[in-house]
Structures are given as structure tokens and as C-alpha cells.
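Data block for protein.txt (compact mmCIF, C-alpha atoms):
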```txt
# COMPACT_ATOMS: atom_id res chain seq x y z
CA MET J 1 -155.65 88.55 -35.27
CA LEU J 2 -153.93 86.48 -32.54
CA GLY J 3 -153.17 88.45 -29.43
CA ASN J 4 -155.50 91.41 -30.01
CA ALA J 5 -157.00 91.00 -26.53
CA ILE J 6 -153.53 91.05 -25.04
CA ARG J 7 -152.75 94.26 -26.88
CA ASP J 8 -155.85 95.89 -25.47
CA ASP J 9 -155.33 94.81 -21.85
CA ARG J 10 -151.58 94.96 -21.29
CA PRO J 11 -148.86 97.61 -21.53
CA ARG J 12 -146.60 97.17 -24.53
CA ARG J 13 -143.54 95.07 -23.71
CA ARG J 14 -140.17 94.89 -25.48
CA ALA J 15 -138.53 91.71 -26.74
CA LEU J 16 -135.12 91.28 -28.36
CA ILE J 17 -134.41 88.15 -30.41
CA LEU J 18 -130.79 87.18 -31.12
CA VAL J 19 -129.88 84.95 -34.08
CA GLU J 20 -126.39 84.06 -35.35
CA ASN J 21 -126.66 81.40 -38.04
CA LEU J 22 -129.22 82.98 -40.42
CA SER J 23 -130.48 86.40 -41.39
CA VAL J 24 -134.02 87.54 -40.63
CA PRO J 25 -136.65 87.30 -42.08
CA PHE J 26 -134.94 84.53 -44.10
CA ASP J 27 -134.97 82.40 -40.91
CA ARG J 28 -138.60 81.34 -41.20
CA ARG J 29 -139.02 80.04 -37.63
CA VAL J 30 -137.63 83.23 -36.12
CA TRP J 31 -139.77 85.38 -38.38
CA GLN J 32 -142.90 83.48 -37.35
CA GLU J 33 -141.94 84.05 -33.71
CA CYS J 34 -141.40 87.76 -34.38
CA THR J 35 -144.78 88.25 -36.00
CA THR J 36 -146.56 86.18 -33.35
CA LEU J 37 -145.10 88.36 -30.60
CA ARG J 38 -145.85 91.54 -32.56
CA ASP J 39 -149.49 90.49 -32.95
CA ALA J 40 -149.64 89.79 -29.21
CA GLY J 41 -148.67 93.39 -28.46
CA TRP J 42 -144.90 93.16 -28.09
CA THR J 43 -142.41 95.61 -29.55
CA VAL J 44 -139.92 93.27 -31.25
CA HIS J 45 -136.28 93.90 -32.13
CA VAL J 46 -133.97 91.37 -33.81
CA ILE J 47 -130.17 91.24 -33.99
CA CYS J 48 -128.81 88.93 -36.70
CA PRO J 49 -126.17 88.68 -39.45
CA GLN J 50 -126.58 90.29 -42.84
CA GLY J 51 -127.40 87.98 -45.72
CA THR J 52 -125.33 87.75 -48.87
CA LYS J 53 -128.07 88.06 -51.49
CA ARG J 54 -131.03 89.08 -49.35
CA ASP J 55 -131.48 90.74 -45.94
CA THR J 56 -128.40 92.82 -46.76
CA GLU J 57 -129.41 96.16 -45.20
CA PRO J 58 -127.73 96.96 -41.85
CA GLU J 59 -131.09 98.10 -40.47
CA ALA J 60 -134.66 97.52 -41.55
CA GLU J 61 -138.17 97.74 -40.19
CA ILE J 62 -140.36 95.05 -41.75
CA ASP J 63 -144.02 94.67 -40.82
CA GLY J 64 -143.41 96.47 -37.54
CA VAL J 65 -140.37 94.39 -36.53
CA ARG J 66 -137.10 96.32 -36.13
CA ILE J 67 -134.10 94.36 -37.46
CA HIS J 68 -130.46 95.21 -36.71
CA ARG J 69 -127.93 93.31 -38.87
CA TYR J 70 -124.16 92.98 -38.76
CA PRO J 71 -121.59 91.75 -41.31
CA LEU J 72 -120.47 88.18 -40.74
CA ARG J 73 -118.13 85.89 -42.64
CA ALA J 74 -119.25 82.26 -42.50
CA ALA J 75 -116.83 79.74 -41.05
CA THR J 76 -114.46 77.84 -43.32
CA GLY J 77 -111.60 75.50 -42.49
CA GLY J 78 -113.01 73.47 -39.61
CA PRO J 79 -113.30 74.39 -35.91
CA ALA J 80 -110.81 77.27 -36.14
CA GLY J 81 -113.10 78.95 -38.67
CA TYR J 82 -116.00 78.73 -36.23
CA VAL J 83 -113.91 80.40 -33.52
CA ARG J 84 -113.35 83.37 -35.84
CA GLU J 85 -117.00 83.48 -36.93
CA TYR J 86 -118.40 83.29 -33.42
CA GLY J 87 -115.94 85.82 -32.03
CA SER J 88 -117.02 88.37 -34.62
CA ALA J 89 -120.72 87.60 -34.08
CA LEU J 90 -120.46 88.02 -30.30
CA TRP J 91 -118.68 91.35 -30.64
CA HIS J 92 -121.30 92.75 -33.02
CA THR J 93 -124.18 91.32 -30.97
CA ALA J 94 -122.89 92.93 -27.77
CA ARG J 95 -122.47 96.26 -29.59
CA LEU J 96 -126.00 96.22 -30.98
CA ILE J 97 -127.56 95.07 -27.70
CA ARG J 98 -126.37 98.31 -26.11
CA GLU J 99 -127.87 100.31 -28.95
CA VAL J 100 -131.26 98.61 -28.61
CA GLY J 101 -131.25 99.16 -24.85
CA PRO J 102 -133.10 97.38 -22.03
CA VAL J 103 -135.91 94.96 -22.82
CA HIS J 104 -138.34 92.80 -20.87
CA VAL J 105 -137.32 89.53 -22.58
CA VAL J 106 -134.16 88.62 -24.48
CA HIS J 107 -134.67 85.56 -26.66
CA ALA J 108 -131.49 83.87 -27.96
CA CYS J 109 -131.53 81.22 -30.69
CA ASN J 110 -128.70 78.73 -31.05
CA PRO J 111 -126.35 77.67 -32.55
CA PRO J 112 -123.94 78.64 -31.11
CA ASP J 113 -124.41 78.13 -27.38
CA LEU J 114 -122.51 81.35 -26.72
CA LEU J 115 -125.18 84.03 -26.79
CA PHE J 116 -125.68 83.81 -23.03
CA LEU J 117 -122.49 85.92 -22.80
CA PRO J 118 -123.77 89.18 -24.37
CA VAL J 119 -127.22 88.47 -22.88
CA ARG J 120 -125.79 89.13 -19.42
CA TRP J 121 -125.76 92.88 -20.07
CA LEU J 122 -129.55 92.73 -20.39
CA THR J 123 -130.34 90.22 -17.62
CA ARG J 124 -128.42 92.38 -15.15
CA ARG J 125 -130.85 95.15 -16.04
CA GLY J 126 -133.95 93.09 -15.41
CA ALA J 127 -134.49 91.16 -18.66
CA ARG J 128 -135.67 87.57 -18.58
CA PHE J 129 -133.73 85.11 -20.74
CA VAL J 130 -135.53 82.73 -23.13
CA PHE J 131 -133.24 80.15 -24.78
CA ASP J 132 -134.60 78.92 -28.13
CA GLN J 133 -132.74 75.66 -28.78
CA HIS J 134 -132.76 75.11 -32.55
CA ASP J 135 -129.97 72.52 -32.45
CA LEU J 136 -128.29 70.21 -29.96
CA VAL J 137 -124.77 71.54 -30.45
CA PRO J 138 -122.91 68.59 -28.86
CA GLU J 139 -124.74 66.20 -31.19
CA LEU J 140 -124.15 68.60 -34.09
CA TYR J 141 -120.41 68.55 -33.33
CA LEU J 142 -120.29 64.74 -33.23
CA SER J 143 -122.30 64.43 -36.44
CA ARG J 144 -120.50 67.09 -38.46
CA PHE J 145 -116.82 66.68 -37.56
CA ASP J 146 -116.49 62.96 -36.71
CA ARG J 147 -113.81 63.72 -34.09
CA GLY J 148 -115.41 61.83 -31.22
CA GLU J 149 -115.73 63.14 -27.67
CA ASP J 150 -112.51 65.16 -27.76
CA LEU J 151 -111.58 68.36 -25.94
CA LEU J 152 -113.71 70.54 -28.23
CA TYR J 153 -116.69 68.26 -27.69
CA ARG J 154 -116.33 68.63 -23.94
CA GLY J 155 -116.11 72.38 -24.47
CA VAL J 156 -119.39 72.59 -26.40
CA CYS J 157 -121.04 70.44 -23.70
CA ALA J 158 -119.86 72.93 -21.08
CA LEU J 159 -121.23 75.87 -23.08
CA GLU J 160 -124.58 74.13 -23.42
CA ARG J 161 -124.72 73.61 -19.64
CA MET J 162 -123.91 77.28 -19.05
CA THR J 163 -126.63 78.35 -21.47
CA TYR J 164 -129.22 76.16 -19.75
CA ARG J 165 -128.14 77.50 -16.37
CA ALA J 166 -128.48 81.12 -17.52
CA ALA J 167 -131.91 80.63 -19.14
CA ASP J 168 -135.15 81.31 -17.29
CA ILE J 169 -137.21 79.53 -19.98
CA VAL J 170 -136.22 77.06 -22.72
CA LEU J 171 -138.03 76.63 -26.04
CA ALA J 172 -137.57 73.15 -27.53
CA THR J 173 -138.43 72.30 -31.12
CA ASN J 174 -139.75 68.83 -30.21
CA GLU J 175 -140.20 66.42 -27.31
CA SER J 176 -136.74 64.88 -27.83
CA TYR J 177 -135.11 68.28 -27.35
CA ARG J 178 -137.35 68.93 -24.35
CA ASP J 179 -136.15 65.70 -22.77
CA VAL J 180 -132.53 66.83 -23.25
CA ALA J 181 -133.25 70.18 -21.60
CA VAL J 182 -134.74 68.45 -18.56
CA ARG J 183 -132.40 65.45 -18.33
CA ARG J 184 -129.08 66.92 -19.43
CA GLY J 185 -129.75 70.58 -18.82
CA GLY J 186 -131.34 70.21 -15.41
CA LYS J 187 -134.28 72.46 -16.29
CA ARG J 188 -137.60 72.08 -14.50
CA PRO J 189 -140.20 70.51 -16.82
CA GLU J 190 -142.51 73.49 -16.31
CA ASP J 191 -139.78 75.82 -17.63
CA VAL J 192 -139.40 74.01 -20.97
CA PHE J 193 -141.97 74.65 -23.72
CA VAL J 194 -142.21 72.74 -26.99
CA VAL J 195 -142.58 75.26 -29.82
CA ARG J 196 -142.49 73.20 -33.00
CA SER J 197 -141.33 74.72 -36.24
CA ALA J 198 -144.03 74.72 -38.89
CA PRO J 199 -144.08 75.75 -42.53
CA GLN J 200 -145.80 78.94 -43.56
CA VAL J 201 -148.82 77.35 -45.19
CA GLU J 202 -149.47 80.42 -47.31
CA ARG J 203 -145.96 79.97 -48.78
CA PHE J 204 -146.67 76.35 -49.77
CA GLN J 205 -149.81 76.43 -51.88
CA PRO J 206 -149.79 73.83 -54.70
CA VAL J 207 -150.14 75.03 -58.28
CA GLU J 208 -150.81 73.11 -61.49
CA PRO J 209 -148.02 70.58 -62.19
CA GLU J 210 -145.70 71.44 -65.07
CA PRO J 211 -144.70 68.22 -66.89
CA GLU J 212 -141.84 70.00 -68.66
CA LEU J 213 -140.00 70.17 -65.32
CA LYS J 214 -139.65 66.37 -65.51
CA ASN J 215 -137.15 66.78 -68.36
CA GLY J 216 -138.99 64.33 -70.58
CA LYS J 217 -139.37 61.63 -67.92
CA PRO J 218 -142.61 60.23 -66.44
CA HIS J 219 -141.62 61.02 -62.83
CA LEU J 220 -139.99 63.84 -60.84
CA LEU J 221 -138.12 63.33 -57.57
CA CYS J 222 -137.42 66.37 -55.42
CA TYR J 223 -135.05 67.30 -52.58
CA LEU J 224 -135.45 70.63 -50.78
CA GLY J 225 -133.10 71.90 -48.11
CA VAL J 226 -129.66 72.78 -46.90
CA MET J 227 -126.74 70.84 -48.35
CA GLY J 228 -124.28 70.41 -45.49
CA PRO J 229 -122.11 67.44 -44.53
CA GLN J 230 -124.78 66.01 -42.22
CA ASP J 231 -127.80 66.51 -44.52
CA GLY J 232 -127.47 63.28 -46.51
CA VAL J 233 -127.50 64.58 -50.08
CA ASP J 234 -124.66 62.12 -50.78
CA TYR J 235 -126.88 59.29 -49.49
CA ALA J 236 -129.66 60.42 -51.82
CA LEU J 237 -127.34 60.51 -54.83
CA ARG J 238 -125.97 57.05 -54.15
CA ALA J 239 -129.53 55.77 -53.70
CA LEU J 240 -130.48 57.26 -57.07
CA ALA J 241 -127.51 55.53 -58.67
CA LYS J 242 -128.79 52.24 -57.21
CA LEU J 243 -132.28 53.08 -58.44
CA ARG J 244 -130.85 53.28 -61.95
CA ASP J 245 -128.17 50.56 -61.86
CA GLU J 246 -129.62 47.89 -59.56
CA LEU J 247 -133.37 48.40 -60.02
CA GLY J 248 -133.23 49.36 -63.69
CA ARG J 249 -135.30 52.54 -63.29
CA THR J 250 -134.48 55.37 -65.66
CA ASP J 251 -138.00 56.82 -65.84
CA TRP J 252 -137.27 59.71 -63.48
CA HIS J 253 -135.65 63.11 -63.27
CA ALA J 254 -134.46 64.46 -59.92
CA VAL J 255 -134.09 68.07 -58.82
CA PHE J 256 -132.15 69.17 -55.73
CA VAL J 257 -133.21 72.61 -54.52
CA GLY J 258 -131.05 74.46 -52.01
CA ALA J 259 -127.47 75.35 -51.21
CA GLY J 260 -124.88 74.89 -48.50
CA ASP J 261 -121.21 74.30 -47.90
CA ALA J 262 -121.43 70.80 -49.45
CA PHE J 263 -123.15 72.02 -52.64
CA ASP J 264 -120.10 71.90 -54.92
CA ALA J 265 -119.05 68.50 -53.57
CA MET J 266 -122.54 67.11 -54.24
CA VAL J 267 -122.53 68.37 -57.84
CA GLU J 268 -119.15 66.69 -58.27
CA LEU J 269 -120.40 63.45 -56.70
CA SER J 270 -123.38 63.46 -59.06
CA GLY J 271 -120.98 63.60 -61.98
CA GLU J 272 -118.82 60.81 -60.56
CA LEU J 273 -121.91 58.60 -60.27
CA GLY J 274 -122.88 59.34 -63.85
CA LEU J 275 -126.08 61.12 -62.81
CA SER J 276 -125.50 64.49 -64.42
CA ASP J 277 -128.13 63.88 -67.14
CA GLN J 278 -130.81 62.88 -64.61
CA VAL J 279 -130.04 65.09 -61.61
CA GLU J 280 -130.44 68.87 -61.60
CA PHE J 281 -129.07 71.22 -58.92
CA THR J 282 -130.88 74.56 -58.84
CA GLY J 283 -129.23 76.29 -55.87
CA ARG J 284 -131.53 78.58 -53.92
CA ILE J 285 -134.50 79.69 -55.99
CA PRO J 286 -137.48 82.05 -55.51
CA ASP J 287 -140.49 80.69 -53.65
CA ALA J 288 -142.61 80.67 -56.82
CA ASP J 289 -140.14 78.35 -58.55
CA LEU J 290 -139.84 76.15 -55.48
CA VAL J 291 -143.62 75.68 -55.42
CA ARG J 292 -143.58 74.78 -59.13
CA TYR J 293 -141.09 71.97 -58.56
CA LEU J 294 -142.83 70.64 -55.45
CA SER J 295 -146.23 70.77 -57.14
CA THR J 296 -144.87 68.67 -60.01
CA ALA J 297 -142.91 66.19 -57.86
CA ASP J 298 -144.14 62.62 -57.53
CA VAL J 299 -141.92 61.69 -54.57
CA CYS J 300 -139.89 63.87 -52.18
CA LEU J 301 -136.61 62.80 -50.59
CA SER J 302 -135.51 63.20 -46.96
CA PRO J 303 -132.15 61.39 -46.92
CA ASP J 304 -130.80 62.70 -43.59
CA PRO J 305 -128.66 59.81 -42.28
CA HIS J 306 -129.04 58.38 -38.81
CA ASN J 307 -126.62 60.15 -36.47
CA PRO J 308 -126.84 61.60 -32.94
CA LEU J 309 -128.29 64.90 -34.20
CA ASN J 310 -130.62 63.83 -37.01
CA ASP J 311 -132.34 61.10 -34.99
CA VAL J 312 -133.77 63.65 -32.54
CA SER J 313 -134.21 66.66 -34.83
CA THR J 314 -137.29 67.84 -36.71
CA MET J 315 -136.47 68.34 -40.38
CA ASN J 316 -138.05 71.41 -41.95
CA LYS J 317 -137.98 69.76 -45.37
CA VAL J 318 -140.28 66.99 -44.12
CA LEU J 319 -142.83 69.52 -42.89
CA GLU J 320 -142.65 71.47 -46.14
CA TYR J 321 -143.15 68.35 -48.25
CA MET J 322 -146.20 67.54 -46.11
CA ALA J 323 -147.62 71.04 -46.57
CA MET J 324 -147.44 70.45 -50.33
CA GLY J 325 -149.21 67.10 -50.02
CA LYS J 326 -146.24 65.02 -51.21
CA PRO J 327 -145.25 61.48 -50.18
CA ILE J 328 -141.82 61.19 -48.57
CA VAL J 329 -139.04 58.62 -48.47
CA SER J 330 -136.94 58.97 -45.31
CA PHE J 331 -134.46 57.00 -43.31
CA ASP J 332 -135.90 55.66 -40.07
CA LEU J 333 -135.31 58.51 -37.60
CA ARG J 334 -137.20 58.95 -34.34
CA GLU J 335 -138.41 62.51 -34.93
CA ALA J 336 -139.05 61.91 -38.64
CA ARG J 337 -141.67 59.36 -37.60
CA VAL J 338 -143.13 61.79 -35.05
CA SER J 339 -143.49 64.51 -37.70
CA ALA J 340 -144.52 62.58 -40.79
CA GLY J 341 -146.24 59.48 -39.44
CA ASP J 342 -147.86 57.70 -42.40
CA ALA J 343 -147.02 60.56 -44.78
CA ALA J 344 -143.61 58.91 -45.23
CA VAL J 345 -142.12 55.48 -45.78
CA TYR J 346 -138.94 54.65 -43.89
CA ALA J 347 -135.81 52.83 -45.00
CA PRO J 348 -133.57 51.22 -42.35
CA ALA J 349 -130.99 53.68 -41.09
CA ASN J 350 -128.54 54.72 -43.83
CA ASP J 351 -129.53 51.80 -46.11
CA GLU J 352 -129.28 53.35 -49.57
CA ALA J 353 -130.49 50.22 -51.39
CA GLN J 354 -133.70 50.09 -49.35
CA PHE J 355 -134.15 53.85 -49.81
CA ALA J 356 -134.01 53.29 -53.58
CA LYS J 357 -136.44 50.37 -53.33
CA LEU J 358 -138.99 52.50 -51.46
CA VAL J 359 -138.71 55.21 -54.12
CA THR J 360 -139.53 52.73 -56.86
CA GLU J 361 -142.43 51.27 -54.87
CA LEU J 362 -144.00 54.73 -54.56
CA LEU J 363 -143.42 55.54 -58.22
CA ASP J 364 -145.43 52.41 -59.07
CA ASP J 365 -148.33 53.22 -56.72
CA PRO J 366 -150.00 56.58 -57.46
CA GLU J 367 -152.94 55.83 -55.15
CA LYS J 368 -150.63 55.31 -52.18
CA ARG J 369 -148.81 58.52 -53.05
CA ALA J 370 -152.10 60.42 -53.00
CA ARG J 371 -153.11 58.91 -49.63
CA MET J 372 -149.77 59.77 -48.07
CA GLY J 373 -149.93 63.31 -49.39
CA ALA J 374 -153.40 63.84 -47.92
CA ILE J 375 -152.23 62.53 -44.54
CA GLY J 376 -149.34 65.00 -44.54
CA GLN J 377 -151.54 67.98 -45.32
CA GLU J 378 -153.99 67.03 -42.58
CA ARG J 379 -151.17 66.86 -40.03
CA ILE J 380 -149.72 70.22 -41.06
CA THR J 381 -153.07 72.00 -40.83
CA GLY J 382 -153.94 70.18 -37.58
CA PRO J 383 -151.61 69.04 -34.77
CA LEU J 384 -148.42 70.36 -36.40
CA SER J 385 -149.78 73.78 -37.37
CA TRP J 386 -148.08 77.02 -36.40
CA GLN J 387 -151.31 78.07 -34.67
CA ASN J 388 -150.60 75.44 -32.00
CA SER J 389 -146.99 76.56 -31.70
CA GLN J 390 -148.10 80.18 -31.27
CA LYS J 391 -150.02 79.25 -28.12
CA HIS J 392 -146.97 77.56 -26.63
CA LEU J 393 -144.69 80.48 -27.53
CA LEU J 394 -146.96 83.01 -25.84
CA ALA J 395 -147.33 80.73 -22.81
CA ALA J 396 -143.53 80.58 -22.56
CA TYR J 397 -143.29 84.39 -22.63
CA ASP J 398 -146.00 84.65 -19.98
CA ALA J 399 -144.04 82.23 -17.81
CA ALA J 400 -140.87 84.25 -18.31
CA CYS J 401 -142.59 87.49 -17.38
CA ARG J 402 -144.16 86.00 -14.25
CA GLY J 403 -140.66 85.89 -12.81
CA ARG J 404 -140.17 89.61 -13.31
CA THR J 405 -140.37 91.96 -10.35
CA ALA J 406 -139.47 95.27 -12.00
CA ALA J 407 -139.33 97.00 -15.38
CA PRO J 408 -136.02 96.85 -17.28
CA ARG J 409 -133.65 99.66 -16.47
CA ALA J 410 -131.06 101.46 -18.55
CA ALA J 411 -127.40 101.35 -17.65
CA PRO J 412 -126.19 104.31 -15.54
CA GLY J 413 -125.40 107.19 -17.82
CA ARG J 414 -126.88 105.45 -20.91
CA GLN J 415 -130.33 105.69 -22.36
CA GLY J 416 -130.01 103.25 -25.27
CA ARG J 417 -130.46 105.28 -28.41
CA ARG J 418 -133.27 103.07 -29.76
CA ARG J 419 -134.74 102.27 -26.38
CA LEU J 420 -138.14 103.87 -26.91
CA ARG J 421 -138.83 102.51 -30.38
```
Would you mind writing the structure in this file as C-alpha cells?
Amino acid sequence: MLGNAIRDDRPRRRALILVENLSVPFDRRVWQECTTLRDAGWTVHVICPQGTKRDTEPEAEIDGVRIHRYPLRAATGGPAGYVREYGSALWHTARLIREVGPVHVVHACNPPDLLFLPVRWLTRRGARFVFDQHDLVPELYLSRFDRGEDLLYRGVCALERMTYRAADIVLATNESYRDVAVRRGGKRPEDVFVVRSAPQVERFQPVEPEPELKNGKPHLLCYLGVMGPQDGVDYALRALAKLRDELGRTDWHAVFVGAGDAFDAMVELSGELGLSDQVEFTGRIPDADLVRYLSTADVCLSPDPHNPLNDVSTMNKVLEYMAMGKPIVSFDLREARVSAGDAAVYAPANDEAQFAKLVTELLDDPEKRARMGAIGQERITGPLSWQNSQKHLLAAYDAACRGRTAAPRAAPGRQGRRRLR
């Protein structure tokens, strides 16, 4: 197992990972990081929100990782809702940090770019700070709220700068994010490590296709992922309407797997476009059912529109489609091309008619679909594998610990009631 030699030769170190926007182990990237560190000999704690249907226990120990969860109400009603959500999350995070006690490394995942605030209690006691940048929050703000570079935008830029300044090491999910950390964040190149997200290959093992999932049609189209305002499900639905109305294709059934704060609006839009008989929304489903749909799919959809965030972000759905050996139709985004290469075909940015045309071209060419699927699987098991990311993660932790001069210390008069676990 990875890291066994490190476990034999080094004293056991303590890491604390902070997450605000998803529960753990539901957050797959964070869980992979947890288990990688555990296998390398670290004692790993996590502080995160409780889930609504899973990860609901306030405390849990799973596969040797100690998880501390707090109740959190997701934001509604625009920026003011995020202020309430983040205020509650920071209060609970600070409370639980003191219960966990001093650690060697504190590892904070954004969004939001606010976790550097409770992290200070640990860095003042000797912890090194690793910033895991899952999203570019200024670009997320521009893409989600369409308010331009207003006062709130300048505020999130300031918070990002403060987070970079506080961090000893930055983890970037791709080279575009790394460039931002160096150029905009002022970090030294040697302090920024690219740790790409990668699907859990054991979770995405194809099974026999089930033709009945196609609802009586020759072909199945599949979307997997979050359904938020910036995720492009509306673009996909309009493209499917063009596929039917302008290209005359009715030989397909489409399934949209996932949930999010735009879910209800997307179901409504599907009805408005007259797609209700051909488009199915499943919500979140168990992994076994997800694999059934993906194994049966002929073409997978990645309709994220071109915007400041999507152009430079790595889409998990693209990686998961590739792991299942499925051809992809995507809009032409910089990091989509880096990830998928020839496993996808690319429509001009936000061009729904061309997106529909590419779908029909793939439906008519099963040999090309098979070639594209094979390319995707080779990339996921090769250069984009989690095994490569593990090496970079452990190198980042080694770099963080090289800056340490002393063991972490408890606050005067406090021992941290879980400090020795």
C-alpha cells in the first residue's frame, strides 16, 4: 500500500482537513486525499458539514479517518444567504478546531476563501497551512451571479489574496489554477503543486448495458453532475430540443443524473421545451444505478458553458465519463481539452446548434464512439490517474513540513480533548 515505507520510518503526524461545501466522505476528492495521507502514516481528522441524506452523524470514524461534522443550512436568496451560511460554518469550524487540538498540517479546501480565519488558531501553534483551491471564487462569483466586478466581487478578490498570503503551500487542481496562484496570488512556483482530481476507478466499472433504460429508443444520452446555474443543464436541454426539432432526431432517450439548486428549474424547462417524454431526471441515485446508466449510454453530455470559471476548471463529470469509456460532447473549454483530449468532440463556445449536431454525428458513428471511449479510459488509467496525484499530494505535504521547526503545541491551559487520537 502507498506510503508503507513512510509509516515505518517516520513518527506519526497529524493532519486536519477543513471542508465547507460538501460532507465527507461524499466529497470524493477530499476522501481520496484523506485515505492517501492515512496510508502514508498520517493521523487524519476532517471537519465538514453534515449531509442531509448521508454523512449525517455528528462524529464518525471511517476507515481510520476521524470526521467531525456540524449542522449547516445551505445558502438561499443570493449573496445574503451566503453570508449567513459562511458565518455559521466559520463558527462551527473554529469550535471544532479547538476540540481536535494542535496538528502538524491544517489543510483547508475552498470555497469559500474564508477558512484562513479559523486556521490562524492552529498556525499560531506551529501548524503549516495547505490551501486546496477547488474553485476560483472570483470567477465563480462572476459566472454565477452576473453582477460584474462590483463591491462584492472586489471583496472576494481580497479574501482570495489573504488566503494565498496565509498559505504555506497551495494545491491546484490543474495547470490553469496553478498559473492563477503564481500570477495573481504571488505564490512561488515551487510552493504550488498540481493535484488533479481523478475518479475512483473502482467506483466506475462498466457492467452489461441494459437496453430497457433507453425507454424504447435506439440510443441513450446521459448527463451526470451537479445542476447549478453555471453547470449548463439548460444549454443541454435546448440542444436536445434542437436535436429533435431542427435535426429531426427522435431516436434517443436522455437521462440527467444529479441534483442541485437549479434542479426544479431544469425539470420545468424540460417541460416548456416539450421534452418531458424523452428526458428523465433521476436526482441523486446510488452508485450501482449510476453505473447502469453510464454503461448503457451511447453519448455523454458535458454542456458547461464558456464563462470565466468553466474555461479554466476541470469537470469531474468529464473524468467520470472517461473512466466508463464513453464518448463526450463538450463545449470548447481550455481545461476540457486538457482533460479529455480526443475522448471528446467540442462545439464552439455556447453554440447549442453545433452541440446538437455533434451529438447526432456520434450517434451515427459507433466505431468513432468506441475509439473515443478507449482513449478516455487510457488517459484515466495513465496520466490522469489518482496514483499520479497521490505523489504530488505527498510531495506537497513534505514541502509543508520542511518549513516546520517545532512540533505543534497546545494552547496554554488547554489540551485539546481529542488531541491524542
### Query
Near J:Ser295, within 9 Å and counting all atoms listed in the file, which residues show up once chain neighbours fewer than 4 positions away are dropped, as a VMD selection string?
chain J and resid 205 to 210 290 to 291 324 to 326
Keeping only C-alpha atoms, take the residues you just selected and write them out as an mmCIF file, in the coordinates of the input.
```cif
data_model
loop_
_atom_site.group_PDB
_atom_site.id
_atom_site.type_symbol
_atom_site.label_atom_id
_atom_site.label_comp_id
_atom_site.auth_asym_id
_atom_site.auth_seq_id
_atom_site.Cartn_x
_atom_site.Cartn_y
_atom_site.Cartn_z
ATOM 1 C CA GLN J 205 -149.810 76.430 -51.880
ATOM 2 C CA PRO J 206 -149.790 73.830 -54.700
ATOM 3 C CA VAL J 207 -150.140 75.030 -58.280
ATOM 4 C CA GLU J 208 -150.810 73.110 -61.490
ATOM 5 C CA PRO J 209 -148.020 70.580 -62.190
ATOM 6 C CA GLU J 210 -145.700 71.440 -65.070
ATOM 7 C CA LEU J 290 -139.840 76.150 -55.480
ATOM 8 C CA VAL J 291 -143.620 75.680 -55.420
ATOM 9 C CA MET J 324 -147.440 70.450 -50.330
ATOM 10 C CA GLY J 325 -149.210 67.100 -50.020
ATOM 11 C CA LYS J 326 -146.240 65.020 -51.210
#
```
### Query
Which protein, DNA or RNA residues are at most 6 Å from (-142.4, 70.8, -33.5) in the file's coordinates when you count only C-alpha atoms, listed as a list in words?
Thr173, Asn174, Val195, Arg196 and Ser197 of chain J
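Computed from the coordinates, the atom CA of J:Asp298 to atom CA of J:Asp261 distance equals 27.5 Å.
When all atoms listed in the file are used to compute distances to J:Arg14, the closest of the residues J:Phe145, J:Trp31, J:Trp42, J:Trp91 turns out to be J:Trp42.
Proximity of J:Ser339, J:Thr43, J:Ser313, J:Thr35 to J:Gly376, computed with only C-alpha atoms, is greatest for J:Ser339.
All residues of protein, DNA or RNA that reach within 12 Å of J:Gly382, judged by all atoms listed in the file and not counting those fewer than 3 positions away in the chain, are Ala198, Val201, Met322, Ala323, Ser339, Ile375, Gly376, Gln377, Glu378, Arg379, Ser385, Trp386, Gln387, Asn388 and Ser389 of chain J.
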### Query
Using only C-alpha atoms, what residues lie at most 12 Å away from (-133.7, 97.5, -41.9) (file coordinates), given as a PyMOL selection string?
chain J and resi 23-25+45-50+54-70
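Minimum distance to J:Ala166 across J:Leu152, J:Leu394, J:Val106, J:Leu140 (counting only C-alpha atoms) occurs at J:Val106.
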### Message
Can you pull out the residues contacting J:Asp311? Cut-off 9 Å, using all atoms listed in the file, and skip same-chain residues under 4 positions away; I want them as JSON, numbers by chain.
### Response
{"J": [304, 305, 306, 307, 332, 333, 334, 335, 336]}
### Query
Taking into account only C-alpha atoms, which residue in the set J:Leu136, J:Leu117, J:Val30, J:Val359 is nearest to J:Val312?
J:Leu136
#### Entry: Pairwise distance for atom CA of J:Ala349 and atom CA of J:Gly271, rounded to one decimal in Å
25.2 Å
Return as lines of an AutoDock Vina configuration file the box centre and box size in Å, one decimal, for an axis-aligned box around all listed atoms of stretch 35-52 of chain J padded by 6 Å per side.
```
center_x = -137.5
center_y = 90.9
center_z = -38.5
size_x = 36.3
size_y = 21.4
size_z = 32.8
```
Just want the 7 Å neighbourhood of stretch 183-191 of chain J, counted on all atoms listed in the file, with same-chain residues fewer than 3 positions away dropped. Output as a CSV table (one decimal) with C-alpha atoms, in the frame of the given file.
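Wrote it out as selection15.csv, contents follow:
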```
chain,number,residue,atom,x,y,z
J,161,ARG,CA,-124.7,73.6,-19.6
J,164,TYR,CA,-129.2,76.2,-19.8
J,169,ILE,CA,-137.2,79.5,-20.0
J,170,VAL,CA,-136.2,77.1,-22.7
J,179,ASP,CA,-136.2,65.7,-22.8
J,180,VAL,CA,-132.5,66.8,-23.2
```
### Task
Using all atoms listed in the file, determine which residues lie at most 9 Å from J:Asn110, disregarding the query and same-chain residues fewer than 6 positions distant; provide the list as a PyMOL selection string.
chain J and resi 18-21+131-137
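Using only C-alpha atoms, the smallest distance between any of J:Ala127, J:Cys222, J:Leu159, J:Ala399 and J:Glu320 comes from J:Cys222.
Atom CA of J:Asn316 to atom CA of J:His107 spans 21.1 Å [interatomic distance, one decimal].
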